[in-house]
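The next block holds one structure in the form of structure tokens; read it before the comments.
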Amino acid sequence: MLGLAQEPDSKAARPFSNFARGYGAYPSPSILTKVATAIPSISALIQQSKNIIIVYYCKSIGLVYYFESYHRFLTNYKVQGEIFMTFTATRIEITPSGAALGAVVTGVDASIAAEPEVILQLKQAWRDHHILIFKNQQLTDDQLLAFANYFGDILQQPAYIRKGETEPYLPPLVLTLANAASEESSVNVAPNYRKLLPHIDHDWLPTPSSGSFLYGVELPENGPDTYWVNLIQAYEELDDLTKKQIAGLQLRHFNFYGKYRDEYPEPGYAAGRSVEPGEQVATHPLVRTHPDTGKKVLFLNAASEVDIVDYDPVEGAKLIERLREHIKQPHFVYQHHWSKGDLLYWDNQATAHYRPEFNSNATRVLKRVSIAGSRPF
């Protein structure tokens, strides 16, 4: 429990001089408009506010205060000869989903600036759980971009030629994923209610995105849900013989989106075929190393063409099909049922995601921002 305006015990009490030495300066002037002049009143104020977490005060014998290590000291008050001080940081909670990956974050409003300690805590939680789920957010495109930018540079998707046009089109930084949006703003191929198989965003780029934010704007009540696959766990559960077989293999990833504008193709095995004009292809390790944790990742999608470099085409097709079936196992999966205002941030370096087909008459609108990544190794 956090302390309110009451006499602290000896473990919580610290002298003001120690605080000043630890932070290098005395607290800054108050950013709040009013503070009560008595301890009971401040207690009432604390109970009414989610942002006021701890009260500090001093009498003639010196200052004492409660604290939590990741919070920041922001304000002080001089009221009737006593000094009252508060934190104005939001306390967050991170609750694992109970599935193979994912955690729900409470206490974060993505529309406003966040404390450094909060961002660091979120980054560690993302490394631990690979998906962060923020509920009940209300975001403009600019606010979504600003929050995403805490976690890296925003990925600019490359230009492409849209159907019926001759000039390159550069997608916006905030992409609309929808079956009810104009072609100008939507990046979905049509018809965009059909199922999507497990895929890794931007795996056809030399430097795929490190992660993405997806924000629910308008969602059908009956789904579809989105499913994320833990590709670290998928690798770890391979038998030793298969791990040895795939060690060091390089995989070509083809971008079906640039080639198939009006349909979802069946995933195939490219078998060493030539790259067609305008087609985007990248080669990555089949087993990549996560750049933050060092864990091994089975970096494979089940949604588009791939092939293994310098590998027998027949044996390569059999191996990829076996691995694709492996990553589809339900115990590798987190299933997310969408609500309006949901914001999800996933690790694109360690997951694949998919969704089933849904009613073509349902309206489904989401906004996505992706974070630039590094070359897989």
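Labeling convention for the structure tokens: chains A, B, ... as they appear, residues from 1 per chain, ligands from 1 in order of appearance.
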I'd like the neighbourhood of His331 of chain A as a short mmCIF file (atom, residue, chain, number, x, y, z; two decimals) with C-alpha atoms, in the first residue's frame, where a residue qualifies if any of its atoms comes within 9 Å (using only C-alpha atoms), though same-chain residues fewer than 6 positions away should be ignored.
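As written to disk, around-v6.cif reads:
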data_model
loop_
_atom_site.label_atom_id
_atom_site.label_comp_id
_atom_site.auth_asym_id
_atom_site.auth_seq_id
_atom_site.Cartn_x
_atom_site.Cartn_y
_atom_site.Cartn_z
CA ALA A 99 -1.29 -17.40 -22.80
CA ALA A 100 2.00 -18.05 -24.59
CA VAL A 229 2.12 -16.80 -32.42
#
Leu197 of chain A environment, 8 Å, only C-alpha atoms, sequence neighbours closer than 2 positions dropped, as an mmCIF file with all heavy atoms, in the first residue's frame:
data_model
loop_
_atom_site.group_PDB
_atom_site.id
_atom_site.type_symbol
_atom_site.label_atom_id
_atom_site.label_comp_id
_atom_site.auth_asym_id
_atom_site.auth_seq_id
_atom_site.Cartn_x
_atom_site.Cartn_y
_atom_site.Cartn_z
ATOM 1 N N LYS A 195 -9.641 -14.476 -44.715
ATOM 2 C CA LYS A 195 -8.695 -14.824 -43.658
ATOM 3 C C LYS A 195 -7.272 -14.440 -44.034
ATOM 4 O O LYS A 195 -6.887 -14.429 -45.211
ATOM 5 C CB LYS A 195 -8.760 -16.311 -43.353
ATOM 6 C CG LYS A 195 -8.208 -17.212 -44.461
ATOM 7 C CD LYS A 195 -8.257 -18.668 -44.022
ATOM 8 C CE LYS A 195 -7.694 -19.586 -45.117
ATOM 9 N NZ LYS A 195 -7.727 -20.997 -44.709
ATOM 10 N N HIS A 199 1.574 -14.434 -40.481
ATOM 11 C CA HIS A 199 2.563 -13.680 -41.252
ATOM 12 C C HIS A 199 3.335 -12.737 -40.348
ATOM 13 O O HIS A 199 2.892 -12.392 -39.254
ATOM 14 C CB HIS A 199 1.899 -12.905 -42.389
ATOM 15 C CG HIS A 199 0.895 -11.888 -41.932
ATOM 16 N ND1 HIS A 199 -0.371 -12.235 -41.514
ATOM 17 C CD2 HIS A 199 0.971 -10.536 -41.808
ATOM 18 C CE1 HIS A 199 -1.040 -11.145 -41.164
ATOM 19 N NE2 HIS A 199 -0.242 -10.100 -41.316
ATOM 20 N N ALA A 302 3.529 -18.089 -42.781
ATOM 21 C CA ALA A 302 2.750 -19.119 -43.464
ATOM 22 C C ALA A 302 1.780 -18.513 -44.462
ATOM 23 O O ALA A 302 0.801 -19.142 -44.848
ATOM 24 C CB ALA A 302 1.995 -19.959 -42.439
ATOM 25 N N ALA A 303 2.051 -17.267 -44.874
ATOM 26 C CA ALA A 303 1.073 -16.542 -45.679
ATOM 27 C C ALA A 303 1.564 -16.197 -47.078
ATOM 28 O O ALA A 303 0.760 -15.815 -47.931
ATOM 29 C CB ALA A 303 0.661 -15.261 -44.962
ATOM 30 N N HIS A 353 1.272 -13.192 -36.844
ATOM 31 C CA HIS A 353 -0.120 -12.971 -36.458
ATOM 32 C C HIS A 353 -1.045 -13.293 -37.627
ATOM 33 O O HIS A 353 -0.644 -13.298 -38.788
ATOM 34 C CB HIS A 353 -0.353 -11.538 -35.960
ATOM 35 C CG HIS A 353 0.057 -10.470 -36.925
ATOM 36 N ND1 HIS A 353 1.370 -10.122 -37.155
ATOM 37 C CD2 HIS A 353 -0.686 -9.645 -37.712
ATOM 38 C CE1 HIS A 353 1.439 -9.141 -38.040
ATOM 39 N NE2 HIS A 353 0.205 -8.839 -38.408
ATOM 40 N N TYR A 354 -2.315 -13.567 -37.273
ATOM 41 C CA TYR A 354 -3.292 -13.941 -38.285
ATOM 42 C C TYR A 354 -4.692 -13.659 -37.760
ATOM 43 O O TYR A 354 -4.893 -13.384 -36.578
ATOM 44 C CB TYR A 354 -3.148 -15.416 -38.679
ATOM 45 C CG TYR A 354 -3.376 -16.421 -37.567
ATOM 46 C CD1 TYR A 354 -4.612 -17.048 -37.394
ATOM 47 C CD2 TYR A 354 -2.346 -16.773 -36.693
ATOM 48 C CE1 TYR A 354 -4.819 -17.983 -36.389
ATOM 49 C CE2 TYR A 354 -2.544 -17.715 -35.693
ATOM 50 C CZ TYR A 354 -3.767 -18.310 -35.541
ATOM 51 O OH TYR A 354 -3.971 -19.224 -34.544
ATOM 52 N N ARG A 355 -5.649 -13.715 -38.659
ATOM 53 C CA ARG A 355 -7.060 -13.597 -38.267
ATOM 54 C C ARG A 355 -7.897 -14.402 -39.244
ATOM 55 O O ARG A 355 -7.523 -14.618 -40.397
ATOM 56 C CB ARG A 355 -7.518 -12.138 -38.259
ATOM 57 C CG ARG A 355 -7.480 -11.457 -39.596
ATOM 58 C CD ARG A 355 -8.461 -10.298 -39.682
ATOM 59 N NE ARG A 355 -8.291 -9.530 -40.902
ATOM 60 C CZ ARG A 355 -8.753 -9.894 -42.095
ATOM 61 N NH1 ARG A 355 -9.397 -11.035 -42.224
ATOM 62 N NH2 ARG A 355 -8.575 -9.129 -43.158
ATOM 63 N N PRO A 356 -9.090 -14.852 -38.800
ATOM 64 C CA PRO A 356 -9.981 -15.603 -39.689
ATOM 65 C C PRO A 356 -10.779 -14.665 -40.597
ATOM 66 O O PRO A 356 -10.775 -13.441 -40.425
ATOM 67 C CB PRO A 356 -10.901 -16.333 -38.717
ATOM 68 C CG PRO A 356 -10.965 -15.421 -37.525
ATOM 69 C CD PRO A 356 -9.596 -14.796 -37.420
#
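Comparing A:Glu115, A:Thr106, A:Arg375, A:His337 by their smallest distance to Gly223 of chain A, the closest is A:His337 (using only C-alpha atoms).
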Inset, instruction - Pick out the residues sitting within 9 Å of Val369 of chain A, and hand them over as an MDAnalysis selection string; count only C-alpha atoms, and ignore anything fewer than 2 positions along from it in its own chain. - result: chainID A and resid 144:145 148 154:155 173:175 211:215 367 371
Inset, instruction - Write out as JSON, numbers by chain all residues of segment 153-372 of chain A that backbone DSSP assigns to helix (DSSP H, G or I). - result: {"A": [231, 232, 233, 234, 235, 236, 240, 241, 242, 243, 244, 245, 246, 256, 257, 258, 259, 313, 314, 315, 316, 317, 318, 319, 320, 321, 322, 323, 324, 325, 326, 327, 330, 331, 332]}
Legend entry - Counting only C-alpha atoms, the option among A:Ile119, A:Ile133, A:Ala113, A:Ala271 closest to Asp307 of chain A: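 Smallest separation from Asp307 of chain A among the options: A:Ala271.
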Legend entry - Nearest to Pro172 of chain A by atom-to-atom distance, counting only C-alpha atoms, from A:Ile308, A:Leu120, A:Ala159, A:Leu101: A:Ala159
Inset, instruction - In Å, rounded to a single decimal, give me how far atom CA of Glu357 of chain A is from atom CA of Ile200 of chain A. - result: 18.2 Å
Legend entry - All strand (DSSP E) residues (DSSP, backbone) inside segment 219-314 of chain A, as number ranges by chain: A: 226-230, 250-254, 281-285, 287-289, 296-298, 306-308
Legend entry - Long-range neighbours of Ala352 of chain A as a ChimeraX atom specification, 12 Å cut-off, only C-alpha atoms, 5 positions minimum in chain: /A:101,130-131,196-203,211-212,226-234,297-303,324,327-328,332-334,346-347
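Distance check against Pro168 of chain A using only C-alpha atoms: of A:Pro206, A:Gly278, A:Gly102, A:Gly316, the minimum falls on A:Gly278.
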Inset, instruction - Could you tell me how far atom CA of Pro208 of chain A lies from atom CA of Gln349 of chain A, in Å and to one decimal? - result: 8.1 Å
Legend entry - Proximity to Val108 of chain A - best of A:Val275, A:Leu205, A:Leu343, A:Ile246, only C-alpha atoms: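 So, comparing all the options, the nearest one is A:Leu343.
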